[in-house]
Amino acid sequence: MRKGGLVVVPPGTVHAFGASSAGPAEFFAVLTPGIVRFEYFRQLGRIARGEAERDSMDELHDRFDVHFDGDPEWR
């Protein structure tokens, strides 16, 4: 995705996001139907900053209905 672009992810679609090695990325997410997922994204930020371990997300998956795909392609 280039700067200013738009991505629409249909329900049930396996997907991922991340910054390229060229630099940081910012994104604005609109989730529908609306459920409060702020803590999920806050924890992702903590992991990115080295303040938490990746496995700290394990307890949040069911709570926020977000699950990692086990396919090595996503790692």
# chains A, B, ... in the order shown; residues from 1 in each chain; ligands from 1
call {"tool": "residues_around", "arguments": {"residues": "range 27-36 of chain A", "least_positions_apart": "5", "cutoff": "12 Å", "atoms": "only C-alpha atoms", "output": "ChimeraX atom specification"}}
result
/A:1-11,17-19,41-42,63-66
call {"tool": "write_last_selection", "arguments": {"atoms": "all heavy atoms", "output": "compact mmCIF listing (two decimals), in the first residue's frame"}}
result
# COMPACT_ATOMS: atom_id res chain seq x y z
N MET A 1 0.84 -1.17 0.00
CA MET A 1 0.00 0.00 0.00
C MET A 1 0.89 1.23 0.00
O MET A 1 1.84 1.31 0.75
CB MET A 1 -0.89 -0.04 1.24
CG MET A 1 -1.74 1.17 1.44
SD MET A 1 -2.81 1.63 0.08
CE MET A 1 -3.57 0.10 -0.33
N ARG A 2 0.56 2.17 -0.81
CA ARG A 2 1.30 3.43 -0.85
C ARG A 2 0.64 4.46 0.07
O ARG A 2 -0.51 4.30 0.46
CB ARG A 2 1.33 3.98 -2.27
CG ARG A 2 2.06 3.08 -3.24
CD ARG A 2 2.17 3.77 -4.59
NE ARG A 2 2.67 2.87 -5.60
CZ ARG A 2 3.94 2.54 -5.76
NH1 ARG A 2 4.85 3.03 -4.96
NH2 ARG A 2 4.31 1.73 -6.72
N LYS A 3 1.37 5.49 0.40
CA LYS A 3 0.88 6.56 1.25
C LYS A 3 -0.47 7.07 0.73
O LYS A 3 -0.63 7.31 -0.46
CB LYS A 3 1.89 7.71 1.27
CG LYS A 3 1.51 8.83 2.20
CD LYS A 3 2.60 9.88 2.24
CE LYS A 3 2.22 11.01 3.17
NZ LYS A 3 3.28 12.00 3.29
N GLY A 4 -1.41 7.18 1.65
CA GLY A 4 -2.73 7.69 1.30
C GLY A 4 -3.69 6.65 0.75
O GLY A 4 -4.82 6.96 0.42
N GLY A 5 -3.25 5.40 0.65
CA GLY A 5 -4.07 4.35 0.07
C GLY A 5 -5.13 3.84 1.03
O GLY A 5 -5.19 4.21 2.20
N LEU A 6 -5.98 2.97 0.52
CA LEU A 6 -7.09 2.41 1.27
C LEU A 6 -7.09 0.90 1.09
O LEU A 6 -6.92 0.40 -0.03
CB LEU A 6 -8.42 2.97 0.77
CG LEU A 6 -9.69 2.31 1.31
CD1 LEU A 6 -9.87 2.64 2.78
CD2 LEU A 6 -10.89 2.75 0.51
N VAL A 7 -7.28 0.18 2.17
CA VAL A 7 -7.40 -1.27 2.14
C VAL A 7 -8.73 -1.63 2.79
O VAL A 7 -9.05 -1.14 3.87
CB VAL A 7 -6.25 -1.96 2.90
CG1 VAL A 7 -6.48 -3.46 2.99
CG2 VAL A 7 -4.92 -1.65 2.25
N VAL A 8 -9.51 -2.48 2.13
CA VAL A 8 -10.75 -2.99 2.70
C VAL A 8 -10.58 -4.50 2.86
O VAL A 8 -10.24 -5.18 1.90
CB VAL A 8 -11.96 -2.68 1.78
CG1 VAL A 8 -13.23 -3.30 2.35
CG2 VAL A 8 -12.11 -1.18 1.59
N VAL A 9 -10.79 -4.99 4.07
CA VAL A 9 -10.64 -6.42 4.36
C VAL A 9 -12.03 -6.99 4.65
O VAL A 9 -12.62 -6.66 5.67
CB VAL A 9 -9.70 -6.65 5.56
CG1 VAL A 9 -9.54 -8.13 5.84
CG2 VAL A 9 -8.34 -5.98 5.32
N PRO A 10 -12.53 -7.84 3.76
CA PRO A 10 -13.85 -8.44 4.00
C PRO A 10 -13.84 -9.34 5.24
O PRO A 10 -12.81 -9.91 5.59
CB PRO A 10 -14.10 -9.28 2.74
CG PRO A 10 -13.17 -8.72 1.71
CD PRO A 10 -11.97 -8.23 2.47
N PRO A 11 -14.99 -9.50 5.90
CA PRO A 11 -15.07 -10.37 7.08
C PRO A 11 -14.56 -11.78 6.77
O PRO A 11 -14.79 -12.31 5.69
CB PRO A 11 -16.57 -10.40 7.39
CG PRO A 11 -17.11 -9.15 6.80
CD PRO A 11 -16.28 -8.89 5.57
N PHE A 17 -0.72 -6.74 8.60
CA PHE A 17 -0.22 -5.41 8.27
C PHE A 17 1.11 -5.20 8.95
O PHE A 17 1.44 -5.88 9.92
CB PHE A 17 -1.21 -4.30 8.67
CG PHE A 17 -1.44 -4.22 10.16
CD1 PHE A 17 -0.64 -3.40 10.95
CD2 PHE A 17 -2.45 -4.93 10.77
CE1 PHE A 17 -0.84 -3.31 12.32
CE2 PHE A 17 -2.66 -4.85 12.13
CZ PHE A 17 -1.86 -4.04 12.90
N GLY A 18 1.89 -4.29 8.41
CA GLY A 18 3.18 -3.97 9.01
C GLY A 18 3.89 -2.94 8.17
O GLY A 18 3.53 -2.69 7.03
N ALA A 19 4.91 -2.34 8.75
CA ALA A 19 5.71 -1.35 8.04
C ALA A 19 6.78 -2.05 7.20
O ALA A 19 7.26 -3.12 7.56
CB ALA A 19 6.38 -0.40 9.03
N PHE A 41 -4.76 -2.80 20.23
CA PHE A 41 -3.78 -2.02 19.48
C PHE A 41 -2.75 -1.36 20.40
O PHE A 41 -1.59 -1.20 20.03
CB PHE A 41 -4.48 -0.99 18.59
CG PHE A 41 -5.20 -1.65 17.44
CD1 PHE A 41 -6.57 -1.80 17.46
CD2 PHE A 41 -4.49 -2.16 16.36
CE1 PHE A 41 -7.23 -2.43 16.41
CE2 PHE A 41 -5.13 -2.79 15.32
CZ PHE A 41 -6.52 -2.93 15.33
N ARG A 42 -3.15 -1.00 21.60
CA ARG A 42 -2.18 -0.47 22.57
C ARG A 42 -1.12 -1.53 22.89
O ARG A 42 0.07 -1.22 22.99
CB ARG A 42 -2.88 -0.04 23.85
CG ARG A 42 -3.66 1.23 23.71
CD ARG A 42 -4.30 1.63 25.03
NE ARG A 42 -5.14 2.79 24.85
CZ ARG A 42 -6.44 2.83 25.11
NH1 ARG A 42 -7.06 1.78 25.61
NH2 ARG A 42 -7.13 3.93 24.91
N ARG A 63 -10.67 -12.42 23.53
CA ARG A 63 -11.36 -11.21 24.00
C ARG A 63 -11.70 -10.27 22.86
O ARG A 63 -12.78 -9.67 22.82
CB ARG A 63 -10.49 -10.51 25.03
CG ARG A 63 -11.08 -9.26 25.60
CD ARG A 63 -10.19 -8.73 26.70
NE ARG A 63 -10.46 -7.35 26.98
CZ ARG A 63 -9.64 -6.54 27.62
NH1 ARG A 63 -8.47 -6.98 28.05
NH2 ARG A 63 -9.95 -5.30 27.83
N PHE A 64 -10.78 -10.14 21.89
CA PHE A 64 -10.98 -9.20 20.78
C PHE A 64 -11.27 -9.88 19.45
O PHE A 64 -11.34 -9.22 18.41
CB PHE A 64 -9.76 -8.28 20.65
CG PHE A 64 -9.58 -7.40 21.86
CD1 PHE A 64 -8.57 -7.64 22.77
CD2 PHE A 64 -10.45 -6.35 22.10
CE1 PHE A 64 -8.41 -6.84 23.89
CE2 PHE A 64 -10.30 -5.55 23.21
CZ PHE A 64 -9.28 -5.79 24.11
N ASP A 65 -11.46 -11.20 19.47
CA ASP A 65 -11.78 -11.97 18.26
C ASP A 65 -10.76 -11.72 17.15
O ASP A 65 -11.10 -11.49 16.00
CB ASP A 65 -13.19 -11.67 17.77
CG ASP A 65 -13.66 -12.66 16.72
OD1 ASP A 65 -13.15 -13.80 16.71
OD2 ASP A 65 -14.51 -12.29 15.89
N VAL A 66 -9.49 -11.74 17.52
CA VAL A 66 -8.39 -11.61 16.58
C VAL A 66 -7.47 -12.79 16.82
O VAL A 66 -7.02 -13.02 17.94
CB VAL A 66 -7.61 -10.29 16.81
CG1 VAL A 66 -6.41 -10.20 15.89
CG2 VAL A 66 -8.53 -9.09 16.61
call {"tool": "select_by_dssp", "arguments": {"residues": "chain A", "states": "alpha helix (DSSP H)", "output": "VMD selection string"}}
result
chain A and resid 38 to 48 61 to 64
call {"tool": "write_last_selection", "arguments": {"atoms": "all heavy atoms", "output": "compact mmCIF listing (two decimals), in the first residue's frame"}}
result
# COMPACT_ATOMS: atom_id res chain seq x y z
N PHE A 38 -9.38 -0.96 21.54
CA PHE A 38 -8.26 -0.06 21.82
C PHE A 38 -7.12 -0.77 22.53
O PHE A 38 -5.96 -0.58 22.20
CB PHE A 38 -8.72 1.16 22.63
CG PHE A 38 -9.75 1.99 21.92
CD1 PHE A 38 -11.03 2.09 22.44
CD2 PHE A 38 -9.44 2.64 20.74
CE1 PHE A 38 -11.99 2.84 21.79
CE2 PHE A 38 -10.40 3.40 20.09
CZ PHE A 38 -11.67 3.51 20.62
N GLU A 39 -7.45 -1.59 23.52
CA GLU A 39 -6.40 -2.25 24.29
C GLU A 39 -5.59 -3.21 23.42
O GLU A 39 -4.40 -3.38 23.62
CB GLU A 39 -6.98 -2.98 25.50
CG GLU A 39 -5.92 -3.56 26.42
CD GLU A 39 -4.89 -2.54 26.91
OE1 GLU A 39 -5.23 -1.36 27.10
OE2 GLU A 39 -3.73 -2.94 27.12
N TYR A 40 -6.23 -3.82 22.44
CA TYR A 40 -5.52 -4.71 21.53
C TYR A 40 -4.42 -3.94 20.79
O TYR A 40 -3.27 -4.37 20.76
CB TYR A 40 -6.50 -5.33 20.53
CG TYR A 40 -5.84 -6.34 19.62
CD1 TYR A 40 -5.68 -7.66 20.03
CD2 TYR A 40 -5.38 -5.98 18.36
CE1 TYR A 40 -5.07 -8.59 19.21
CE2 TYR A 40 -4.76 -6.91 17.54
CZ TYR A 40 -4.61 -8.21 17.97
OH TYR A 40 -4.00 -9.12 17.15
N PHE A 41 -4.76 -2.80 20.23
CA PHE A 41 -3.78 -2.02 19.48
C PHE A 41 -2.75 -1.36 20.40
O PHE A 41 -1.59 -1.20 20.03
CB PHE A 41 -4.48 -0.99 18.59
CG PHE A 41 -5.20 -1.65 17.44
CD1 PHE A 41 -6.57 -1.80 17.46
CD2 PHE A 41 -4.49 -2.16 16.36
CE1 PHE A 41 -7.23 -2.43 16.41
CE2 PHE A 41 -5.13 -2.79 15.32
CZ PHE A 41 -6.52 -2.93 15.33
N ARG A 42 -3.15 -1.00 21.60
CA ARG A 42 -2.18 -0.47 22.57
C ARG A 42 -1.12 -1.53 22.89
O ARG A 42 0.07 -1.22 22.99
CB ARG A 42 -2.88 -0.04 23.85
CG ARG A 42 -3.66 1.23 23.71
CD ARG A 42 -4.30 1.63 25.03
NE ARG A 42 -5.14 2.79 24.85
CZ ARG A 42 -6.44 2.83 25.11
NH1 ARG A 42 -7.06 1.78 25.61
NH2 ARG A 42 -7.13 3.93 24.91
N GLN A 43 -1.58 -2.77 23.04
CA GLN A 43 -0.62 -3.85 23.34
C GLN A 43 0.31 -4.09 22.16
O GLN A 43 1.51 -4.34 22.35
CB GLN A 43 -1.34 -5.13 23.74
CG GLN A 43 -0.44 -6.21 24.28
CD GLN A 43 0.26 -5.81 25.59
OE1 GLN A 43 -0.06 -4.81 26.23
NE2 GLN A 43 1.22 -6.61 25.99
N LEU A 44 -0.18 -4.00 20.94
CA LEU A 44 0.70 -4.11 19.77
C LEU A 44 1.78 -3.04 19.81
O LEU A 44 2.95 -3.30 19.49
CB LEU A 44 -0.10 -3.99 18.47
CG LEU A 44 -0.96 -5.18 18.08
CD1 LEU A 44 -1.74 -4.84 16.81
CD2 LEU A 44 -0.12 -6.42 17.86
N GLY A 45 1.42 -1.83 20.20
CA GLY A 45 2.39 -0.75 20.33
C GLY A 45 3.44 -1.06 21.38
O GLY A 45 4.63 -0.80 21.17
N ARG A 46 3.01 -1.61 22.51
CA ARG A 46 3.96 -1.98 23.57
C ARG A 46 4.96 -3.02 23.07
O ARG A 46 6.15 -2.95 23.36
CB ARG A 46 3.22 -2.51 24.79
CG ARG A 46 2.42 -1.46 25.53
CD ARG A 46 1.69 -2.07 26.73
NE ARG A 46 0.67 -1.17 27.19
CZ ARG A 46 -0.65 -1.38 27.09
NH1 ARG A 46 -1.12 -2.50 26.57
NH2 ARG A 46 -1.51 -0.49 27.53
N ILE A 47 4.47 -3.97 22.31
CA ILE A 47 5.35 -5.00 21.75
C ILE A 47 6.34 -4.36 20.78
O ILE A 47 7.54 -4.64 20.83
CB ILE A 47 4.52 -6.11 21.07
CG1 ILE A 47 3.74 -6.89 22.13
CG2 ILE A 47 5.42 -7.04 20.26
CD1 ILE A 47 2.68 -7.79 21.57
N ALA A 48 5.85 -3.49 19.91
CA ALA A 48 6.72 -2.83 18.93
C ALA A 48 7.81 -2.00 19.61
O ALA A 48 8.94 -1.91 19.10
CB ALA A 48 5.89 -1.95 18.00
N HIS A 61 -6.51 -12.58 22.31
CA HIS A 61 -7.10 -13.06 21.06
C HIS A 61 -8.59 -13.34 21.17
O HIS A 61 -9.37 -12.84 20.36
CB HIS A 61 -6.36 -14.31 20.56
CG HIS A 61 -4.96 -14.03 20.17
ND1 HIS A 61 -4.61 -13.21 19.13
CD2 HIS A 61 -3.79 -14.44 20.72
CE1 HIS A 61 -3.31 -13.15 19.03
NE2 HIS A 61 -2.78 -13.88 20.00
N ASP A 62 -8.99 -14.13 22.12
CA ASP A 62 -10.42 -14.44 22.25
C ASP A 62 -11.22 -13.21 22.64
O ASP A 62 -12.32 -12.98 22.13
CB ASP A 62 -10.65 -15.56 23.27
CG ASP A 62 -10.22 -16.92 22.74
OD1 ASP A 62 -10.21 -17.09 21.50
OD2 ASP A 62 -9.89 -17.79 23.55
N ARG A 63 -10.67 -12.42 23.53
CA ARG A 63 -11.36 -11.21 24.00
C ARG A 63 -11.70 -10.27 22.86
O ARG A 63 -12.78 -9.67 22.82
CB ARG A 63 -10.49 -10.51 25.03
CG ARG A 63 -11.08 -9.26 25.60
CD ARG A 63 -10.19 -8.73 26.70
NE ARG A 63 -10.46 -7.35 26.98
CZ ARG A 63 -9.64 -6.54 27.62
NH1 ARG A 63 -8.47 -6.98 28.05
NH2 ARG A 63 -9.95 -5.30 27.83
N PHE A 64 -10.78 -10.14 21.89
CA PHE A 64 -10.98 -9.20 20.78
C PHE A 64 -11.27 -9.88 19.45
O PHE A 64 -11.34 -9.22 18.41
CB PHE A 64 -9.76 -8.28 20.65
CG PHE A 64 -9.58 -7.40 21.86
CD1 PHE A 64 -8.57 -7.64 22.77
CD2 PHE A 64 -10.45 -6.35 22.10
CE1 PHE A 64 -8.41 -6.84 23.89
CE2 PHE A 64 -10.30 -5.55 23.21
CZ PHE A 64 -9.28 -5.79 24.11
call {"tool": "atom_distance", "arguments": {"atom1": "CA of His67 in chain A", "atom2": "CA of Thr13 in chain A"}}
result
11.4 Å
call {"tool": "atom_distance", "arguments": {"atom1": "CA of Ser20 in chain A", "atom2": "CA of Asp55 in chain A"}}
result
22.5 Å
